[in-house]
file model_11.pdb (PDB, C-alpha atoms)
ATOM      1  CA  MET A   1      -1.058 116.166 350.610
ATOM      2  CA  TRP A   2       1.567 113.425 350.502
ATOM      3  CA  ARG A   3       3.849 115.552 348.333
ATOM      4  CA  VAL A   4       4.117 118.097 351.151
ATOM      5  CA  ALA A   5       4.880 115.315 353.660
ATOM      6  CA  LEU A   6       7.558 113.954 351.329
ATOM      7  CA  SER A   7       9.293 117.308 351.136
ATOM      8  CA  LYS A   8       9.315 117.624 354.923
ATOM      9  CA  THR A   9      10.532 114.060 355.405
ATOM     10  CA  THR A  10      13.236 114.534 352.821
ATOM     11  CA  ARG A  11      14.529 117.566 354.693
ATOM     12  CA  ILE A  12      14.625 115.572 357.917
ATOM     13  CA  ALA A  13      16.449 112.640 356.359
ATOM     14  CA  LEU A  14      18.970 114.746 354.511
ATOM     15  CA  GLY A  15      19.472 117.150 357.384
ATOM     16  CA  LEU A  16      20.832 114.572 359.809
ATOM     17  CA  ILE A  17      24.522 114.515 358.970
ATOM     18  CA  LEU A  18      26.479 112.458 361.466
ATOM     19  CA  ILE A  19      30.182 113.116 361.112
ATOM     20  CA  CYS A  20      33.126 111.142 362.406
ATOM     21  CA  ILE A  21      35.758 110.349 359.791
ATOM     22  CA  ALA A  22      36.485 106.625 359.410
ATOM     23  CA  SER A  23      36.302 103.776 356.940
ATOM     24  CA  PRO A  24      32.888 103.129 355.364
ATOM     25  CA  ALA A  25      30.417 101.136 357.424
ATOM     26  CA  ASN A  26      28.521  99.768 354.452
ATOM     27  CA  ALA A  27      30.610  96.617 354.023
ATOM     28  CA  GLN A  28      32.064  94.022 356.348
ATOM     29  CA  GLU A  29      35.232  93.941 354.247
ATOM     30  CA  ARG A  30      36.359  95.848 351.173
ATOM     31  CA  TYR A  31      38.685  94.396 348.560
ATOM     32  CA  ALA A  32      40.462  95.934 345.573
ATOM     33  CA  LEU A  33      41.929  94.065 342.609
ATOM     34  CA  VAL A  34      44.048  96.394 340.472
ATOM     35  CA  ILE A  35      45.189  94.966 337.130
ATOM     36  CA  GLY A  36      47.832  96.543 334.924
ATOM     37  CA  GLY A  37      48.243  95.420 331.337
ATOM     38  CA  LEU A  38      51.240  95.403 329.024
ATOM     39  CA  GLY A  39      52.927  98.736 328.403
ATOM     40  CA  GLY A  40      54.505  97.692 325.120
ATOM     41  CA  ALA A  41      57.186 100.373 325.433
ATOM     42  CA  PRO A  42      59.281 101.615 328.384
ATOM     43  CA  ASP A  43      57.454 104.939 328.700
ATOM     44  CA  GLN A  44      54.070 103.199 328.638
ATOM     45  CA  THR A  45      55.151 100.607 331.179
ATOM     46  CA  SER A  46      56.333 103.463 333.403
ATOM     47  CA  ARG A  47      52.993 105.262 332.992
ATOM     48  CA  ILE A  48      51.010 102.154 333.962
ATOM     49  CA  ALA A  49      53.358 101.507 336.895
ATOM     50  CA  SER A  50      52.716 105.013 338.196
ATOM     51  CA  HIS A  51      48.937 104.502 338.031
ATOM     52  CA  LEU A  52      49.173 101.147 339.786
ATOM     53  CA  GLU A  53      51.401 102.392 342.594
ATOM     54  CA  ASP A  54      49.363 105.557 343.165
ATOM     55  CA  THR A  55      46.140 103.551 343.248
ATOM     56  CA  TYR A  56      47.615 101.064 345.717
ATOM     57  CA  ASN A  57      48.791 103.902 347.949
ATOM     58  CA  ALA A  58      45.384 105.588 347.812
ATOM     59  CA  PHE A  59      43.470 102.433 348.706
ATOM     60  CA  THR A  60      45.802 101.424 351.543
ATOM     61  CA  GLY A  61      46.238 105.006 352.750
ATOM     62  CA  PRO A  62      43.442 107.613 352.832
ATOM     63  CA  LEU A  63      40.722 105.198 351.654
ATOM     64  CA  GLY A  64      41.438 102.854 354.547
ATOM     65  CA  PHE A  65      41.540  99.446 352.841
ATOM     66  CA  ALA A  66      43.442  96.718 354.672
ATOM     67  CA  ARG A  67      46.759  96.095 352.903
ATOM     68  CA  ASP A  68      46.057  92.381 352.597
ATOM     69  CA  ASN A  69      42.824  93.242 350.784
ATOM     70  CA  VAL A  70      44.486  95.237 347.985
ATOM     71  CA  ILE A  71      45.872  93.048 345.199
ATOM     72  CA  VAL A  72      47.945  94.487 342.350
ATOM     73  CA  LEU A  73      48.816  92.492 339.238
ATOM     74  CA  ALA A  74      51.226  93.817 336.609
ATOM     75  CA  GLU A  75      53.415  92.771 333.725
ATOM     76  CA  ARG A  76      56.574  90.829 334.582
ATOM     77  CA  ALA A  77      58.844  93.881 334.393
ATOM     78  CA  LEU A  78      57.026  95.348 337.414
ATOM     79  CA  THR A  79      56.555  92.280 339.596
ATOM     80  CA  ALA A  80      59.606  93.051 341.747
ATOM     81  CA  SER A  81      57.913  96.230 342.977
ATOM     82  CA  ASP A  82      56.805  96.149 346.621
ATOM     83  CA  TYR A  83      53.195  97.007 345.779
ATOM     84  CA  VAL A  84      52.762  94.259 343.132
ATOM     85  CA  THR A  85      51.271  90.914 344.182
ATOM     86  CA  GLY A  86      51.893  88.968 340.980
ATOM     87  CA  GLU A  87      51.886  88.901 337.180
ATOM     88  CA  SER A  88      48.815  89.959 335.218
ATOM     89  CA  THR A  89      48.581  86.909 332.979
ATOM     90  CA  ALA A  90      45.230  85.247 332.333
ATOM     91  CA  ASP A  91      46.165  82.479 334.773
ATOM     92  CA  GLY A  92      47.300  84.992 337.376
ATOM     93  CA  ILE A  93      44.076  86.969 337.093
ATOM     94  CA  ARG A  94      41.924  83.843 337.293
ATOM     95  CA  ALA A  95      43.839  82.715 340.370
ATOM     96  CA  GLN A  96      43.219  86.012 342.146
ATOM     97  CA  PHE A  97      39.510  85.895 341.355
ATOM     98  CA  ALA A  98      39.402  82.354 342.746
ATOM     99  CA  GLU A  99      41.151  83.477 345.920
ATOM    100  CA  LEU A 100      38.767  86.429 346.283
ATOM    101  CA  SER A 101      35.793  84.145 345.800
ATOM    102  CA  GLY A 102      36.971  82.061 348.727
ATOM    103  CA  ARG A 103      37.375  85.086 351.000
ATOM    104  CA  LEU A 104      34.220  87.053 350.208
ATOM    105  CA  THR A 105      31.009  87.142 352.198
ATOM    106  CA  PRO A 106      27.673  88.487 350.894
ATOM    107  CA  GLU A 107      28.241  91.720 352.858
ATOM    108  CA  ASP A 108      31.581  92.580 351.232
ATOM    109  CA  GLU A 109      32.452  94.984 348.413
ATOM    110  CA  VAL A 110      34.912  94.439 345.580
ATOM    111  CA  TYR A 111      36.570  97.145 343.466
ATOM    112  CA  ILE A 112      38.260  96.022 340.249
ATOM    113  CA  LEU A 113      40.334  98.528 338.278
ATOM    114  CA  LEU A 114      41.925  97.939 334.868
ATOM    115  CA  PHE A 115      44.861 100.039 333.610
ATOM    116  CA  GLY A 116      46.715  99.804 330.317
ATOM    117  CA  HIS A 117      45.841  99.475 326.651
ATOM    118  CA  GLY A 118      42.422  98.284 325.572
ATOM    119  CA  SER A 119      41.317  96.705 322.319
ATOM    120  CA  TYR A 120      38.085  95.767 320.572
ATOM    121  CA  ASP A 121      37.687  93.277 317.727
ATOM    122  CA  GLY A 122      34.108  94.227 316.858
ATOM    123  CA  ARG A 123      32.676  91.634 319.241
ATOM    124  CA  GLN A 124      34.658  91.630 322.478
ATOM    125  CA  PRO A 125      36.642  94.268 324.415
ATOM    126  CA  ALA A 126      39.870  93.294 326.145
ATOM    127  CA  LEU A 127      42.687  94.634 328.295
ATOM    128  CA  ASN A 128      46.012  93.800 326.658
ATOM    129  CA  ILE A 129      47.886  91.575 329.113
ATOM    130  CA  PRO A 130      50.896  89.234 328.813
ATOM    131  CA  ARG A 131      50.230  86.332 326.473
ATOM    132  CA  ARG A 132      46.511  85.627 325.940
ATOM    133  CA  ASP A 133      44.080  88.444 326.684
ATOM    134  CA  LEU A 134      40.896  87.986 328.688
ATOM    135  CA  THR A 135      37.777  89.365 327.004
ATOM    136  CA  GLY A 136      34.786  91.156 328.435
ATOM    137  CA  SER A 137      32.934  87.850 328.544
ATOM    138  CA  ASP A 138      35.826  86.263 330.454
ATOM    139  CA  TYR A 139      35.740  89.013 333.063
ATOM    140  CA  ALA A 140      31.950  88.739 333.291
ATOM    141  CA  ALA A 141      32.245  85.021 334.042
ATOM    142  CA  LEU A 142      34.849  85.770 336.717
ATOM    143  CA  SER A 143      32.512  88.388 338.234
ATOM    144  CA  ASP A 144      29.740  85.815 338.411
ATOM    145  CA  GLU A 145      31.936  83.733 340.724
ATOM    146  CA  LEU A 146      32.062  86.539 343.307
ATOM    147  CA  THR A 147      29.421  86.697 346.011
ATOM    148  CA  ALA A 148      29.438  90.274 347.267
ATOM    149  CA  ALA A 149      27.051  93.058 348.186
ATOM    150  CA  ARG A 150      28.547  95.203 345.441
ATOM    151  CA  ILE A 151      31.075  94.857 342.633
ATOM    152  CA  VAL A 152      32.579  97.994 341.106
ATOM    153  CA  TRP A 153      34.432  97.816 337.778
ATOM    154  CA  ILE A 154      36.499 100.788 336.563
ATOM    155  CA  CYS A 155      37.974 100.258 333.088
ATOM    156  CA  THR A 156      40.344 103.152 332.387
ATOM    157  CA  MET A 157      41.765 102.142 329.018
ATOM    158  CA  SER A 158      41.012 102.809 325.361
ATOM    159  CA  SER A 159      38.216 100.841 323.633
ATOM    160  CA  SER A 160      36.676 100.106 327.034
ATOM    161  CA  GLY A 161      33.078 101.146 326.262
ATOM    162  CA  PRO A 162      31.823  97.623 325.425
ATOM    163  CA  PHE A 163      32.778  96.473 328.921
ATOM    164  CA  ILE A 164      29.492  98.101 329.973
ATOM    165  CA  GLN A 165      27.452  95.489 328.093
ATOM    166  CA  ALA A 166      29.727  92.664 329.223
ATOM    167  CA  LEU A 167      29.815  93.472 332.944
ATOM    168  CA  SER A 168      26.475  95.142 333.694
ATOM    169  CA  GLY A 169      24.393  93.427 336.369
ATOM    170  CA  THR A 170      22.471  93.737 339.607
ATOM    171  CA  ASN A 171      24.482  95.405 342.388
ATOM    172  CA  ARG A 172      27.264  96.190 339.932
ATOM    173  CA  ILE A 173      28.691  99.530 338.959
ATOM    174  CA  VAL A 174      30.652  99.722 335.707
ATOM    175  CA  ILE A 175      32.659 102.775 334.646
ATOM    176  CA  THR A 176      34.513 102.978 331.342
ATOM    177  CA  ALA A 177      36.868 105.593 329.934
ATOM    178  CA  THR A 178      35.340 105.486 326.459
ATOM    179  CA  ARG A 179      31.874 105.380 324.976
ATOM    180  CA  THR A 180      32.651 102.837 322.259
ATOM    181  CA  GLY A 181      35.170 100.212 321.284
ATOM    182  CA  THR A 182      36.318 102.397 318.405
ATOM    183  CA  GLN A 183      37.690 105.149 320.664
ATOM    184  CA  ARG A 184      41.184 103.678 320.435
ATOM    185  CA  ASN A 185      43.435 106.586 321.369
ATOM    186  CA  GLN A 186      45.363 106.456 324.618
ATOM    187  CA  THR A 187      43.139 107.769 327.386
ATOM    188  CA  VAL A 188      43.847 110.515 329.899
ATOM    189  CA  PHE A 189      40.971 109.227 332.045
ATOM    190  CA  PRO A 190      43.227 107.076 334.314
ATOM    191  CA  THR A 191      45.313 110.082 335.329
ATOM    192  CA  TYR A 192      42.274 111.884 336.697
ATOM    193  CA  LEU A 193      40.750 108.686 338.086
ATOM    194  CA  VAL A 194      43.811 108.150 340.277
ATOM    195  CA  GLU A 195      43.790 111.835 341.197
ATOM    196  CA  SER A 196      40.144 111.602 342.300
ATOM    197  CA  LEU A 197      41.039 109.025 344.965
ATOM    198  CA  ILE A 198      43.130 111.526 346.942
ATOM    199  CA  GLU A 199      42.085 114.972 345.684
ATOM    200  CA  PRO A 200      39.890 116.850 348.220
ATOM    201  CA  ALA A 201      38.073 118.603 345.356
ATOM    202  CA  ALA A 202      36.638 115.229 344.277
ATOM    203  CA  ASP A 203      34.407 115.395 347.369
ATOM    204  CA  LEU A 204      31.945 117.473 345.370
ATOM    205  CA  ASP A 205      29.384 118.022 348.136
ATOM    206  CA  ARG A 206      32.077 118.702 350.781
ATOM    207  CA  ASP A 207      30.657 116.197 353.266
ATOM    208  CA  ALA A 208      34.021 114.515 353.974
ATOM    209  CA  SER A 209      32.870 111.378 352.137
ATOM    210  CA  LEU A 210      33.783 110.092 348.677
ATOM    211  CA  SER A 211      31.269 108.133 346.628
ATOM    212  CA  ILE A 212      31.865 106.277 343.384
ATOM    213  CA  LYS A 213      29.517 108.750 341.715
ATOM    214  CA  GLU A 214      31.751 111.609 342.850
ATOM    215  CA  VAL A 215      34.792 109.742 341.542
ATOM    216  CA  PHE A 216      33.094 109.381 338.152
ATOM    217  CA  LEU A 217      31.907 113.001 338.025
ATOM    218  CA  TYR A 218      35.289 114.418 338.972
ATOM    219  CA  THR A 219      37.225 112.175 336.583
ATOM    220  CA  ALA A 220      34.898 112.736 333.629
ATOM    221  CA  GLN A 221      34.801 116.491 334.152
ATOM    222  CA  GLN A 222      38.562 116.799 334.512
ATOM    223  CA  THR A 223      39.076 114.643 331.420
ATOM    224  CA  ALA A 224      36.771 116.898 329.388
ATOM    225  CA  LEU A 225      38.538 119.983 330.752
ATOM    226  CA  HIS A 226      41.893 118.517 329.685
ATOM    227  CA  TYR A 227      40.818 118.359 326.044
ATOM    228  CA  GLU A 228      39.243 121.805 326.212
ATOM    229  CA  THR A 229      42.383 123.329 327.708
ATOM    230  CA  GLU A 230      44.606 121.631 325.136
ATOM    231  CA  GLY A 231      42.321 122.786 322.345
ATOM    232  CA  HIS A 232      41.874 119.226 321.079
ATOM    233  CA  LEU A 233      38.761 117.334 320.044
ATOM    234  CA  ALA A 234      37.924 114.846 322.806
ATOM    235  CA  THR A 235      38.675 111.270 321.760
ATOM    236  CA  GLU A 236      37.179 109.646 324.861
ATOM    237  CA  HIS A 237      33.783 109.963 326.535
ATOM    238  CA  SER A 238      33.400 108.049 329.780
ATOM    239  CA  LEU A 239      30.286 106.123 330.812
ATOM    240  CA  LEU A 240      28.696 104.902 334.034
ATOM    241  CA  ASP A 241      26.177 102.069 334.355
ATOM    242  CA  ASP A 242      24.718 100.976 337.681
ATOM    243  CA  ASN A 243      21.098 100.064 336.948
ATOM    244  CA  ALA A 244      21.859  96.753 335.212
ATOM    245  CA  ASP A 245      20.448  97.791 331.831
ATOM    246  CA  GLY A 246      23.779  97.497 330.016
ATOM    247  CA  GLU A 247      23.539 101.059 328.711
ATOM    248  CA  GLY A 248      26.050 103.474 330.157
ATOM    249  CA  THR A 249      25.381 107.176 330.651
ATOM    250  CA  ARG A 250      27.696 110.086 329.913
ATOM    251  CA  VAL A 251      28.372 112.568 332.698
ATOM    252  CA  GLU A 252      26.335 115.385 331.145
ATOM    253  CA  ALA A 253      23.222 113.186 330.956
ATOM    254  CA  LEU A 254      23.515 111.542 334.355
ATOM    255  CA  ASP A 255      20.920 113.659 336.157
ATOM    256  CA  GLU A 256      18.212 112.727 333.649
ATOM    257  CA  SER A 257      19.047 109.033 333.518
ATOM    258  CA  GLY A 258      18.415 105.950 335.629
ATOM    259  CA  ASP A 259      22.142 105.625 336.306
ATOM    260  CA  GLY A 260      24.174 107.074 339.154
ATOM    261  CA  TYR A 261      21.946 106.301 342.126
ATOM    262  CA  LEU A 262      23.721 103.135 343.272
ATOM    263  CA  ALA A 263      27.091 104.805 342.666
ATOM    264  CA  GLY A 264      25.892 107.677 344.842
ATOM    265  CA  VAL A 265      25.495 105.390 347.871
ATOM    266  CA  THR A 266      28.666 103.350 347.290
ATOM    267  CA  TRP A 267      31.421 104.860 349.378
ATOM    268  CA  LEU A 268      35.178 104.679 349.027
ATOM    269  CA  ARG A 269      35.370 106.959 352.053
ATOM    270  CA  ARG A 270      32.465 107.852 354.285
ATOM    271  CA  THR A 271      31.597 109.748 357.412
ATOM    272  CA  GLN A 272      30.846 106.927 359.808
ATOM    273  CA  ILE A 273      28.519 106.672 362.754
ATOM    274  CA  HIS A 274      29.539 105.162 366.074
ATOM    275  CA  THR A 275      26.657 103.975 368.238
ATOM    276  CA  GLY A 276      25.972 101.350 370.838
ATOM    277  CA  ASP A 277      24.080  99.330 368.215
ATOM    278  CA  PRO A 278      26.365  98.213 365.349
ATOM    279  CA  THR A 279      23.378  97.162 363.206
ATOM    280  CA  LEU A 280      22.155 100.743 362.748
ATOM    281  CA  ALA A 281      24.789 101.622 360.141
ATOM    282  CA  SER A 282      23.926  98.494 358.140
ATOM    283  CA  GLU A 283      20.235  99.344 358.322
ATOM    284  CA  ARG A 284      20.926 102.844 357.023
ATOM    285  CA  THR A 285      22.993 101.481 354.154
ATOM    286  CA  ALA A 286      20.220  99.039 353.233
ATOM    287  CA  LEU A 287      17.620 101.831 353.182
ATOM    288  CA  GLU A 288      19.868 104.104 351.118
ATOM    289  CA  THR A 289      20.389 101.284 348.640
ATOM    290  CA  GLN A 290      16.623 100.693 348.397
ATOM    291  CA  ILE A 291      16.086 104.391 347.719
ATOM    292  CA  ALA A 292      18.793 104.361 345.038
ATOM    293  CA  GLY A 293      17.232 101.321 343.381
ATOM    294  CA  LEU A 294      13.788 102.904 343.424
ATOM    295  CA  LYS A 295      15.059 106.132 341.867
ATOM    296  CA  SER A 296      16.743 104.167 339.079
ATOM    297  CA  ARG A 297      13.349 102.565 338.272
ATOM    298  CA  LYS A 298      11.344 105.804 338.294
ATOM    299  CA  SER A 299      10.779 105.836 334.529
ATOM    300  CA  GLN A 300       9.297 102.329 334.711
ATOM    301  CA  MET A 301       6.728 103.173 337.408
ATOM    302  CA  GLY A 302       3.563 105.192 337.631
ATOM    303  CA  SER A 303       3.982 108.552 339.351
ATOM    304  CA  ASP A 304       1.667 107.785 342.287
ATOM    305  CA  ALA A 305       3.280 104.409 343.005
ATOM    306  CA  TYR A 306       6.778 105.869 342.755
ATOM    307  CA  TYR A 307       6.205 108.790 345.110
ATOM    308  CA  ALA A 308       4.243 106.674 347.590
ATOM    309  CA  GLU A 309       7.085 104.160 347.844
ATOM    310  CA  LEU A 310       9.690 106.919 347.957
ATOM    311  CA  GLU A 311       7.856 108.630 350.798
ATOM    312  CA  SER A 312       7.664 105.380 352.734
ATOM    313  CA  LEU A 313      11.410 104.836 352.390
ATOM    314  CA  PHE A 314      12.265 108.410 353.358
ATOM    315  CA  VAL A 315      10.045 108.156 356.426
ATOM    316  CA  ALA A 316      11.832 104.942 357.407
ATOM    317  CA  LEU A 317      15.203 106.623 356.869
ATOM    318  CA  ALA A 318      14.204 109.653 358.949
ATOM    319  CA  ARG A 319      13.046 107.419 361.804
ATOM    320  CA  LEU A 320      16.265 105.425 361.620
ATOM    321  CA  ASN A 321      18.314 108.622 361.723
ATOM    322  CA  ASP A 322      16.344 109.675 364.817
ATOM    323  CA  ARG A 323      17.331 106.363 366.445
ATOM    324  CA  ILE A 324      20.954 106.865 365.433
ATOM    325  CA  GLU A 325      20.982 110.424 366.791
ATOM    326  CA  GLY A 326      19.589 109.116 370.071
ATOM    327  CA  GLU A 327      22.463 106.642 370.329
ATOM    328  CA  LEU A 328      25.163 109.289 369.908
TER     329      LEU A 328
END
call {"tool": "encode", "arguments": {"input": "model_11.pdb", "output": "structure tokens"}}
result
Amino acid sequence: MWRVALSKTTRIALGLILICIASPANAQERYALVIGGLGGAPDQTSRIASHLEDTYNAFTGPLGFARDNVIVLAERALTASDYVTGESTADGIRAQFAELSGRLTPEDEVYILLFGHGSYDGRQPALNIPRRDLTGSDYAALSDELTAARIVWICTMSSSGPFIQALSGTNRIVITATRTGTQRNQTVFPTYLVESLIEPAADLDRDASLSIKEVFLYTAQQTALHYETEGHLATEHSLLDDNADGEGTRVEALDESGDGYLAGVTWLRRTQIHTGDPTLASERTALETQIAGLKSRKSQMGSDAYYAELESLFVALARLNDRIEGEL
């Protein structure tokens, strides 16, 4: 009996699409820290510079981030550029994390993107930066200093796979360009990652919103298509982890895994609701996050307990959407 009710409730909850394009309502403030490593050669420095500038323009343009909330660090040769905040040394990175820590509230979101060359010594992954590199453990410790509703890490470089184990945690999403630390070839993943931030086709369900899951799906699929079109064996296989188990999932296995649910309700751009009660959007986000967390734990629960809790959450979401519709 309850399975029939669930299906009906699901249709109600998913059928209420409230559209008015604006910045996401699921965070009080959104911040982006974009870090570019050493190019090592003029053409590589130019490539990294292009990714950094395009990412900055996407965040401050169509994605609606406040300009003061988008920080770009790069090697010294690029620091004169208008979009660059400072140099991407270990001290410079630590200083920006410290500044972010002082600005964040528990309702905020942080997006951290790494561009450049990655390395792996068999124990720790790293982004190659001027002077001493920071390891995965270093970045994990810096993440622990941030109090935010959600932290999203996107590591676009070679040998980035082990960042999954280093950075995985509750309310964190970690995306890497490679599956392992031994995939050392230069990645094409960052090209399509940057493209996903502005490309309308990345909105896979055509709802005028852009989730982190859609960003991952688009980027991973376009990366795979690149190798297929070129007739080359793929030398990178991207991963996503958002259920805090430290085990990333490849795009082709995402639907059968416990990963992807939190990323699916984390929005870089979202259709926003405008009502007389500003708490309604926050309540909807909280319910969506609870549903995502429950779905990620499905394999750990008994079937009856899972579906009973899922039904309860969908009923609550449907009732909330009724309230929201009444406010419009």
call {"tool": "resolve_selection", "arguments": {"input": "model_11.pdb", "expression": "the PyMOL selection byres ((chain A and resi 119) around 8)", "output": "count of residues only"}}
result
13
call {"tool": "resolve_selection", "arguments": {"input": "model_11.pdb", "expression": "the PyMOL selection byres ((chain A and resi 250) around 7)", "output": "PyMOL selection string"}}
result
chain A and resi 237-240+248-249+251-254
call {"tool": "atom_distance", "arguments": {"input": "model_11.pdb", "atom1": "atom CA of A:Ser101", "atom2": "atom CA of A:Leu146"}}
result
5.1 Å
call {"tool": "closest_atom_pairs", "arguments": {"input": "model_11.pdb", "of": "stretch 217-307 of chain A", "to": "stretch 56-65 of chain A", "cutoff": "10 Å", "atoms": "all atoms listed in the file", "output": "tab-separated table"}}
result
residue	atom	partner	partner_atom	distance
A:Trp267	CA	A:Leu63	CA	9.6
A:Leu268	CA	A:Leu63	CA	6.2
A:Arg269	CA	A:Leu63	CA	5.6
A:Arg270	CA	A:Leu63	CA	9.1
call {"tool": "closest_residue", "arguments": {"input": "model_11.pdb", "among": "A:Ala166, A:Ile129, A:Met157, A:Ile173", "to": "A:Asp91", "atoms": "all atoms listed in the file"}}
result
A:Ile129
call {"tool": "atom_distance", "arguments": {"input": "model_11.pdb", "atom1": "atom CA of A:Glu236", "atom2": "atom CA of A:Tyr218"}}
result
15.0 Å
call {"tool": "closest_residue", "arguments": {"input": "model_11.pdb", "among": "A:Ala148, A:Leu287, A:Ala201, A:Val34", "to": "A:Ala318", "atoms": "all atoms listed in the file"}}
result
A:Leu287
call {"tool": "residues_around", "arguments": {"input": "model_11.pdb", "residues": "A:Ala141", "least_positions_apart": "2", "cutoff": "12 Å", "atoms": "all atoms listed in the file", "output": "VMD selection string"}}
result
chain A and resid 94 97 to 98 134 to 139 143 to 146 166 to 169
call {"tool": "resolve_selection", "arguments": {"input": "model_11.pdb", "expression": "the PyMOL selection byres ((chain A and resi 197) around 8)", "output": "list of chain:residue names"}}
result
A:Thr55, A:Ala58, A:Phe59, A:Leu63, A:Leu193, A:Val194, A:Glu195, A:Ser196, A:Ile198, A:Glu199, A:Ala202, A:Val215
call {"tool": "closest_residue", "arguments": {"input": "model_11.pdb", "among": "A:Ile71, A:Glu87, A:Gly116, A:His226", "to": "A:Ser50", "atoms": "all atoms listed in the file"}}
result
A:Gly116
call {"tool": "closest_residue", "arguments": {"input": "model_11.pdb", "among": "A:Glu53, A:Asp304, A:Glu214, A:Glu247", "to": "A:Leu262", "atoms": "only C-alpha atoms"}}
result
A:Glu214
call {"tool": "closest_residue", "arguments": {"input": "model_11.pdb", "among": "A:Ala305, A:Leu210, A:Ala316, A:Val84", "to": "A:Ile291", "atoms": "all atoms listed in the file"}}
result
A:Ala316
call {"tool": "closest_residue", "arguments": {"input": "model_11.pdb", "among": "A:Val265, A:Val188, A:Leu52, A:Ala244", "to": "A:Lys213", "atoms": "only C-alpha atoms"}}
result
A:Val265
call {"tool": "residues_around", "arguments": {"input": "model_11.pdb", "residues": "A:Ile35", "least_positions_apart": "2", "cutoff": "9 Å", "atoms": "only C-alpha atoms", "output": "PyMOL selection string"}}
result
chain A and resi 33+37+52+71-74+88+93+112-116
